[in-house]
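> Submitted below is the structure of interest, expressed as C-alpha cells.
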Amino acid sequence: MNKTLFPLVGIAAFAVPLALPAVASAHDAGGGTNYQATLDPVATNMVDGSGTATVTLSGNQATVSVTANQLLDSSPHAQHIHIKGSGECPKADAAHDHNGHKAISTTDGLPAYGKIGTSLTTRGDTSPNSALAVDRFPATGSFHYTRTMTVTPDVADAVRANNAVIVVHGIDYNHNGKYDSVLGASELDPKLPQEATAPAICGALNSMPTGGAGTGDGASQASSGGNDTDLVAIGLGAAAVAALAGTLILRRRNTEAQR
Ligand SMILES: [Cu+2]
C-alpha cells in the first residue's frame with residue numbers, strides 16, 4: 001500500500017517547494033514550524049511501549065503525526081495534545097493509589113501536562129469533547145497516525161511556547177492482554193476501566209533546531225531521526241519538510257477517499 005506513495009513523494013519533492021514556499025520558511029510569520037516529541041512510558045504505569053510525534057504548525061493548521069509501538073493491541077488508544085500544564089510528563093511522584101496499586105491516572109498527570117487541548121481522533125471532531133471518543137482513535141498496539149487539522153489558538157500558542165505535550169492513553173498495568181478493573185474505574189468515565197484512560201506514553205513537544213531557515217540544508221540532523229521515516233525526511237532539510245507535508249496531505253486525502 002505504501003508503495004503507491006513513493007511516486008507521489010518524488011513528485012511532491014519538486015512541486016511542493018514551489019507551491020508552498022511558506023512551509024519551508026520556518027521563521028516567517030505564518031510559516032510552518034516543526035515540533036517533535038519522543039514518547040516515553042509514563043512512570044509507574046507498567047508500559048513497555050514507546051513512540052514519537054511530530055507537529056508541523058502553520059497558523060492554526062497542524063499536521064500531527066504519532067507513531068506508537070508496543071502498546072496494548074486490539075484496544076483503543078485515546079491521544080491528545082495537552083496544554084497549559086508544566087509542559088512535561090508526570091514523574092513517579094505523581095502516582096496515587098488506584099485500587100491498591102500505585103499508578104498515574106490522567107488526572108494525576110494534569111499538573112505536568114495540562115488539560116486536553118486537541119483530541120487526535122482519526123476522523124471528525126478534534127476538540128476536547130472527543131477526549132474519549134473510543135471509536136475514533138487508533139486501536140492497535142502499534143500504529144502510525146497522521147492527520148492535518150485546525151487547532152484552537154490556545155493550542156497553537158502552547159505548541160509555539162514549547163508548552164504542549166503529546167499523550168497516548170491506554171495501559172495494561174497487569175499485563176493480562178486487556179483493559180480490566182485492576183486499577184478500578186476511570187475517574188474520567190466510570191463506565192471505562194482506569195486502564196483504558198490512564199496515560200501510556202508521553203512526550204513534550206519542542207521546536208526542532210532547524211538551523212538557517214530557507215537554506216534547505218539541514219542534512220546534519222538526519223541522524224537524529226532514528227528509524228522513523230518522517231523524522232529522517234525532516235532532518236534532510238526544509239525542502240524535504242515541504243515534500244513531506246505534501247505527501248502527508250496526499251496520503252490523508254487518499255485515506256479519506258477510501259472511507
Ligand atoms: Cu490525553
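Order determines the names: the first chain of the C-alpha cells is A, the second B, and so forth; residues in each chain are numbered 1 upward, and ligands are numbered 1 upward as they are shown.
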Please extract the residues at most 8 Å from ligand 1, counting only C-alpha atoms and all ligand atoms, and provide them as a ChimeraX atom specification, using the chain letters and residue numbers of this document.

/A:78-82,106,115-116,119,131,166-169,199

> I'd like the neighbourhood of region 63-76 of chain A as a VMD selection string, where a residue qualifies if any of its atoms comes within 6 Å (using only C-alpha atoms), though same-chain residues fewer than 3 positions away should be ignored.

chain A and resid 49 to 56 134 137 to 148

> Report as an mmCIF file with all heavy atoms, in the first residue's frame all protein, DNA and RNA residues lying within 9 Å of region 177-186 of chain A, evaluated on only C-alpha atoms, omitting residues in the same chain fewer than 4 positions from it.


```cif
data_model
loop_
_atom_site.group_PDB
_atom_site.id
_atom_site.type_symbol
_atom_site.label_atom_id
_atom_site.label_comp_id
_atom_site.auth_asym_id
_atom_site.auth_seq_id
_atom_site.Cartn_x
_atom_site.Cartn_y
_atom_site.Cartn_z
ATOM 1 N N LEU A 72 -0.917 -1.833 24.219
ATOM 2 C CA LEU A 72 -1.861 -2.948 24.243
ATOM 3 C C LEU A 72 -2.585 -3.033 22.898
ATOM 4 O O LEU A 72 -3.164 -2.046 22.426
ATOM 5 C CB LEU A 72 -2.866 -2.758 25.382
ATOM 6 C CG LEU A 72 -3.922 -3.865 25.502
ATOM 7 C CD1 LEU A 72 -3.274 -5.219 25.769
ATOM 8 C CD2 LEU A 72 -4.921 -3.524 26.603
ATOM 9 N N ASP A 73 -2.535 -4.204 22.303
ATOM 10 C CA ASP A 73 -3.132 -4.390 20.984
ATOM 11 C C ASP A 73 -4.651 -4.550 21.096
ATOM 12 O O ASP A 73 -5.191 -4.846 22.176
ATOM 13 C CB ASP A 73 -2.513 -5.622 20.327
ATOM 14 C CG ASP A 73 -2.621 -5.573 18.803
ATOM 15 O OD1 ASP A 73 -2.958 -4.496 18.263
ATOM 16 O OD2 ASP A 73 -2.365 -6.604 18.165
ATOM 17 N N SER A 74 -5.320 -4.331 19.985
ATOM 18 C CA SER A 74 -6.769 -4.550 19.874
ATOM 19 C C SER A 74 -7.551 -3.767 20.928
ATOM 20 O O SER A 74 -8.571 -4.255 21.444
ATOM 21 C CB SER A 74 -7.096 -6.045 19.986
ATOM 22 O OG SER A 74 -6.399 -6.767 18.997
ATOM 23 N N SER A 75 -7.065 -2.584 21.245
ATOM 24 C CA SER A 75 -7.702 -1.751 22.264
ATOM 25 C C SER A 75 -7.533 -0.288 21.872
ATOM 26 O O SER A 75 -6.466 0.103 21.386
ATOM 27 C CB SER A 75 -7.041 -1.975 23.629
ATOM 28 O OG SER A 75 -7.098 -3.345 23.985
ATOM 29 N N ASP A 97 -2.719 6.087 44.724
ATOM 30 C CA ASP A 97 -3.256 4.742 44.895
ATOM 31 C C ASP A 97 -4.508 4.571 44.037
ATOM 32 O O ASP A 97 -5.442 5.373 44.132
ATOM 33 C CB ASP A 97 -3.587 4.523 46.375
ATOM 34 C CG ASP A 97 -4.103 3.119 46.616
ATOM 35 O OD1 ASP A 97 -5.265 2.841 46.255
ATOM 36 O OD2 ASP A 97 -3.337 2.305 47.157
ATOM 37 N N HIS A 98 -4.483 3.541 43.217
ATOM 38 C CA HIS A 98 -5.664 3.211 42.411
ATOM 39 C C HIS A 98 -6.016 1.754 42.650
ATOM 40 O O HIS A 98 -5.349 0.851 42.148
ATOM 41 C CB HIS A 98 -5.390 3.485 40.921
ATOM 42 C CG HIS A 98 -5.208 4.946 40.620
ATOM 43 N ND1 HIS A 98 -6.254 5.814 40.453
ATOM 44 C CD2 HIS A 98 -4.078 5.702 40.516
ATOM 45 C CE1 HIS A 98 -5.799 7.037 40.230
ATOM 46 N NE2 HIS A 98 -4.472 6.994 40.264
ATOM 47 N N ASN A 99 -7.012 1.549 43.472
ATOM 48 C CA ASN A 99 -7.468 0.192 43.780
ATOM 49 C C ASN A 99 -6.327 -0.643 44.377
ATOM 50 O O ASN A 99 -6.197 -1.833 44.091
ATOM 51 C CB ASN A 99 -8.026 -0.476 42.515
ATOM 52 C CG ASN A 99 -8.932 -1.659 42.823
ATOM 53 O OD1 ASN A 99 -9.652 -1.647 43.824
ATOM 54 N ND2 ASN A 99 -8.880 -2.683 41.989
ATOM 55 N N GLY A 100 -5.491 0.036 45.169
ATOM 56 C CA GLY A 100 -4.401 -0.678 45.826
ATOM 57 C C GLY A 100 -3.101 -0.718 45.054
ATOM 58 O O GLY A 100 -2.130 -1.353 45.491
ATOM 59 N N HIS A 101 -3.051 -0.038 43.917
ATOM 60 C CA HIS A 101 -1.833 -0.025 43.103
ATOM 61 C C HIS A 101 -1.393 1.413 42.847
ATOM 62 O O HIS A 101 -2.217 2.279 42.560
ATOM 63 C CB HIS A 101 -2.069 -0.708 41.749
ATOM 64 C CG HIS A 101 -2.531 -2.127 41.859
ATOM 65 N ND1 HIS A 101 -1.664 -3.172 42.071
ATOM 66 C CD2 HIS A 101 -3.771 -2.666 41.804
ATOM 67 C CE1 HIS A 101 -2.355 -4.304 42.127
ATOM 68 N NE2 HIS A 101 -3.633 -4.024 41.974
ATOM 69 N N LYS A 102 -0.100 1.640 42.893
ATOM 70 C CA LYS A 102 0.442 2.951 42.556
ATOM 71 C C LYS A 102 0.455 3.119 41.037
ATOM 72 O O LYS A 102 1.077 2.327 40.319
ATOM 73 C CB LYS A 102 1.878 3.077 43.084
ATOM 74 C CG LYS A 102 1.953 3.421 44.556
ATOM 75 C CD LYS A 102 1.751 4.912 44.766
ATOM 76 C CE LYS A 102 1.998 5.290 46.234
ATOM 77 N NZ LYS A 102 1.707 6.712 46.476
ATOM 78 N N ALA A 103 -0.238 4.112 40.570
ATOM 79 C CA ALA A 103 -0.279 4.365 39.132
ATOM 80 C C ALA A 103 -0.625 5.831 38.912
ATOM 81 O O ALA A 103 -1.078 6.529 39.832
ATOM 82 C CB ALA A 103 -1.316 3.473 38.451
ATOM 83 N N SER A 105 -3.000 8.216 36.897
ATOM 84 C CA SER A 105 -4.198 8.366 36.072
ATOM 85 C C SER A 105 -4.062 9.631 35.239
ATOM 86 O O SER A 105 -3.132 10.427 35.431
ATOM 87 C CB SER A 105 -5.438 8.460 36.960
ATOM 88 O OG SER A 105 -5.426 9.699 37.654
ATOM 89 N N THR A 106 -4.993 9.819 34.322
ATOM 90 C CA THR A 106 -4.963 11.049 33.523
ATOM 91 C C THR A 106 -5.025 12.282 34.424
ATOM 92 O O THR A 106 -4.294 13.249 34.224
ATOM 93 C CB THR A 106 -6.138 11.052 32.521
ATOM 94 O OG1 THR A 106 -5.859 10.069 31.525
ATOM 95 C CG2 THR A 106 -6.282 12.404 31.852
ATOM 96 N N GLY A 170 -4.085 4.504 27.564
ATOM 97 C CA GLY A 170 -4.487 3.111 27.477
ATOM 98 C C GLY A 170 -3.346 2.178 27.846
ATOM 99 O O GLY A 170 -2.417 1.977 27.062
ATOM 100 N N ILE A 171 -3.412 1.620 29.057
ATOM 101 C CA ILE A 171 -2.316 0.792 29.575
ATOM 102 C C ILE A 171 -2.828 -0.608 29.945
ATOM 103 O O ILE A 171 -4.033 -0.824 30.110
ATOM 104 C CB ILE A 171 -1.651 1.446 30.813
ATOM 105 C CG1 ILE A 171 -2.620 1.476 32.007
ATOM 106 C CG2 ILE A 171 -1.184 2.860 30.469
ATOM 107 C CD1 ILE A 171 -1.987 1.957 33.308
ATOM 108 N N ASP A 172 -1.903 -1.517 30.059
ATOM 109 C CA ASP A 172 -2.230 -2.872 30.520
ATOM 110 C C ASP A 172 -1.374 -3.124 31.759
ATOM 111 O O ASP A 172 -0.372 -3.830 31.712
ATOM 112 C CB ASP A 172 -1.936 -3.898 29.415
ATOM 113 C CG ASP A 172 -2.361 -5.302 29.815
ATOM 114 O OD1 ASP A 172 -3.100 -5.461 30.809
ATOM 115 O OD2 ASP A 172 -1.947 -6.247 29.114
ATOM 116 N N TYR A 173 -1.793 -2.495 32.867
ATOM 117 C CA TYR A 173 -0.990 -2.454 34.090
ATOM 118 C C TYR A 173 -0.587 -3.849 34.559
ATOM 119 O O TYR A 173 0.551 -4.072 34.978
ATOM 120 C CB TYR A 173 -1.793 -1.736 35.180
ATOM 121 C CG TYR A 173 -1.046 -1.400 36.435
ATOM 122 C CD1 TYR A 173 -0.343 -0.197 36.555
ATOM 123 C CD2 TYR A 173 -1.049 -2.272 37.534
ATOM 124 C CE1 TYR A 173 0.327 0.131 37.720
ATOM 125 C CE2 TYR A 173 -0.383 -1.953 38.705
ATOM 126 C CZ TYR A 173 0.304 -0.754 38.786
ATOM 127 O OH TYR A 173 0.971 -0.430 39.939
ATOM 128 N N PRO A 190 -16.762 6.623 34.557
ATOM 129 C CA PRO A 190 -16.819 5.421 35.412
ATOM 130 C C PRO A 190 -17.221 4.159 34.661
ATOM 131 O O PRO A 190 -17.057 3.066 35.191
ATOM 132 C CB PRO A 190 -17.874 5.787 36.463
ATOM 133 C CG PRO A 190 -18.605 6.961 35.927
ATOM 134 C CD PRO A 190 -17.681 7.675 34.987
ATOM 135 N N LYS A 191 -17.694 4.333 33.432
ATOM 136 C CA LYS A 191 -18.028 3.142 32.636
ATOM 137 C C LYS A 191 -16.772 2.508 32.034
ATOM 138 O O LYS A 191 -16.803 1.384 31.552
ATOM 139 C CB LYS A 191 -19.005 3.506 31.514
ATOM 140 C CG LYS A 191 -20.391 3.913 32.025
ATOM 141 C CD LYS A 191 -21.415 4.020 30.902
ATOM 142 C CE LYS A 191 -21.101 5.140 29.919
ATOM 143 N NZ LYS A 191 -21.200 6.495 30.545
ATOM 144 N N LEU A 192 -15.674 3.260 32.039
ATOM 145 C CA LEU A 192 -14.427 2.746 31.463
ATOM 146 C C LEU A 192 -13.477 2.337 32.580
ATOM 147 O O LEU A 192 -13.413 2.984 33.630
ATOM 148 C CB LEU A 192 -13.746 3.821 30.608
ATOM 149 C CG LEU A 192 -14.495 4.283 29.353
ATOM 150 C CD1 LEU A 192 -13.768 5.460 28.712
ATOM 151 C CD2 LEU A 192 -14.626 3.136 28.356
ATOM 152 N N PRO A 193 -12.705 1.267 32.361
ATOM 153 C CA PRO A 193 -11.674 0.916 33.351
ATOM 154 C C PRO A 193 -10.583 1.989 33.382
ATOM 155 O O PRO A 193 -10.294 2.624 32.370
ATOM 156 C CB PRO A 193 -11.095 -0.396 32.826
ATOM 157 C CG PRO A 193 -11.933 -0.811 31.669
ATOM 158 C CD PRO A 193 -12.710 0.374 31.207
ATOM 159 N N GLN A 194 -9.993 2.144 34.556
ATOM 160 C CA GLN A 194 -8.876 3.082 34.677
ATOM 161 C C GLN A 194 -7.783 2.755 33.655
ATOM 162 O O GLN A 194 -7.168 3.662 33.076
ATOM 163 C CB GLN A 194 -8.300 3.008 36.099
ATOM 164 C CG GLN A 194 -7.091 3.871 36.350
ATOM 165 C CD GLN A 194 -7.387 5.350 36.184
ATOM 166 O OE1 GLN A 194 -7.004 5.962 35.180
ATOM 167 N NE2 GLN A 194 -8.095 5.926 37.145
ATOM 168 N N GLU A 195 -7.564 1.484 33.396
ATOM 169 C CA GLU A 195 -6.518 1.113 32.433
ATOM 170 C C GLU A 195 -6.770 1.727 31.053
ATOM 171 O O GLU A 195 -5.825 2.007 30.315
ATOM 172 C CB GLU A 195 -6.429 -0.421 32.294
ATOM 173 C CG GLU A 195 -5.690 -1.113 33.427
ATOM 174 C CD GLU A 195 -5.403 -2.568 33.070
ATOM 175 O OE1 GLU A 195 -6.168 -3.186 32.307
ATOM 176 O OE2 GLU A 195 -4.385 -3.096 33.576
ATOM 177 N N ALA A 196 -8.028 1.902 30.690
ATOM 178 C CA ALA A 196 -8.349 2.390 29.341
ATOM 179 C C ALA A 196 -8.030 3.868 29.157
ATOM 180 O O ALA A 196 -7.809 4.318 28.022
ATOM 181 C CB ALA A 196 -9.826 2.154 29.033
ATOM 182 N N THR A 197 -7.988 4.619 30.257
ATOM 183 C CA THR A 197 -7.770 6.061 30.106
ATOM 184 C C THR A 197 -6.453 6.548 30.711
ATOM 185 O O THR A 197 -6.034 7.673 30.439
ATOM 186 C CB THR A 197 -8.932 6.868 30.739
ATOM 187 O OG1 THR A 197 -8.940 6.663 32.151
ATOM 188 C CG2 THR A 197 -10.274 6.465 30.133
ATOM 189 N N ALA A 198 -5.792 5.742 31.500
ATOM 190 C CA ALA A 198 -4.527 6.172 32.095
ATOM 191 C C ALA A 198 -3.489 6.447 31.000
ATOM 192 O O ALA A 198 -3.483 5.783 29.964
ATOM 193 C CB ALA A 198 -4.005 5.100 33.055
#
```

> So that I can check the surroundings of Gly85 (chain A), please list as a list in words every protein, DNA and RNA residue that reaches within 10 Å of it, counting only C-alpha atoms and ignoring chain neighbours fewer than 6 positions away.

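The residues satisfying every condition are Gly109, Leu110, Pro111, Ala112, Tyr113, Gly114, Lys115, Ile116, Ala158, Asn163, Ala164 and Val165 of chain A.
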
> Among the residues of region 48-241 of chain A, find those DSSP assigns to helix (DSSP H, G or I) from the backbone and print them as a VMD selection string.

chain A and resid 92 to 94 110 to 113 128 to 130 134 to 136 153 to 160 181 to 183 194 to 197 219 to 225 229 to 235 238 to 241

> So which residues of region 66-241 of chain A fall under strand (DSSP E) by DSSP, listed as a PyMOL selection string?

chain A and resi 66-69+79-84+96-98+101-103+114-119+143-150+164-169+199-204+206-207

> How would the residues just picked look written out with C-alpha atoms as a short mmCIF file (atom, residue, chain, number, x, y, z; two decimals), in the first residue's frame?


```cif
data_model
loop_
_atom_site.label_atom_id
_atom_site.label_comp_id
_atom_site.auth_asym_id
_atom_site.auth_seq_id
_atom_site.Cartn_x
_atom_site.Cartn_y
_atom_site.Cartn_z
CA VAL A 66 2.13 9.99 16.07
CA THR A 67 3.99 6.71 15.88
CA ALA A 68 3.39 4.32 18.74
CA ASN A 69 4.89 0.91 19.36
CA GLN A 79 -4.44 10.51 22.24
CA HIS A 80 -4.31 14.24 22.75
CA ILE A 81 -2.30 17.40 22.69
CA HIS A 82 -2.30 18.56 26.30
CA ILE A 83 -1.64 22.22 27.11
CA LYS A 84 -1.22 24.75 29.89
CA HIS A 96 -1.59 7.83 43.54
CA ASP A 97 -3.26 4.74 44.89
CA HIS A 98 -5.66 3.21 42.41
CA HIS A 101 -1.83 -0.02 43.10
CA LYS A 102 0.44 2.95 42.56
CA ALA A 103 -0.28 4.36 39.13
CA GLY A 114 -2.10 20.15 31.46
CA LYS A 115 -5.61 19.83 30.17
CA ILE A 116 -6.65 18.37 26.84
CA GLY A 117 -6.35 20.92 24.06
CA THR A 118 -6.84 18.74 20.97
CA SER A 119 -8.16 15.21 20.60
CA PHE A 143 0.29 2.46 14.80
CA HIS A 144 1.26 5.40 12.68
CA TYR A 145 -1.22 8.24 12.78
CA THR A 146 -1.21 11.34 10.61
CA ARG A 147 -3.87 13.98 10.32
CA THR A 148 -3.99 17.63 9.36
CA MET A 149 -6.41 19.67 11.42
CA THR A 150 -7.25 23.16 12.58
CA ALA A 164 2.36 21.30 24.71
CA VAL A 165 2.59 17.61 25.45
CA ILE A 166 1.51 14.60 23.41
CA VAL A 167 -0.11 11.86 25.47
CA VAL A 168 -1.29 8.45 24.25
CA HIS A 169 -3.56 6.69 26.73
CA PRO A 199 -1.61 7.75 30.21
CA ALA A 200 0.66 5.21 28.50
CA ILE A 201 3.34 7.16 26.63
CA CYS A 202 4.06 10.85 26.80
CA GLY A 203 6.41 13.44 25.37
CA ALA A 204 6.81 17.21 25.43
CA ASN A 206 9.74 21.04 21.32
CA SER A 207 10.65 23.05 18.27
#
```

> Between CA of Pro153 (chain A) and CA of Glu88 (chain A), what is the distance in Å, rounded to a tenth?

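Rounded to one decimal, the two atoms are 20.1 Å apart.
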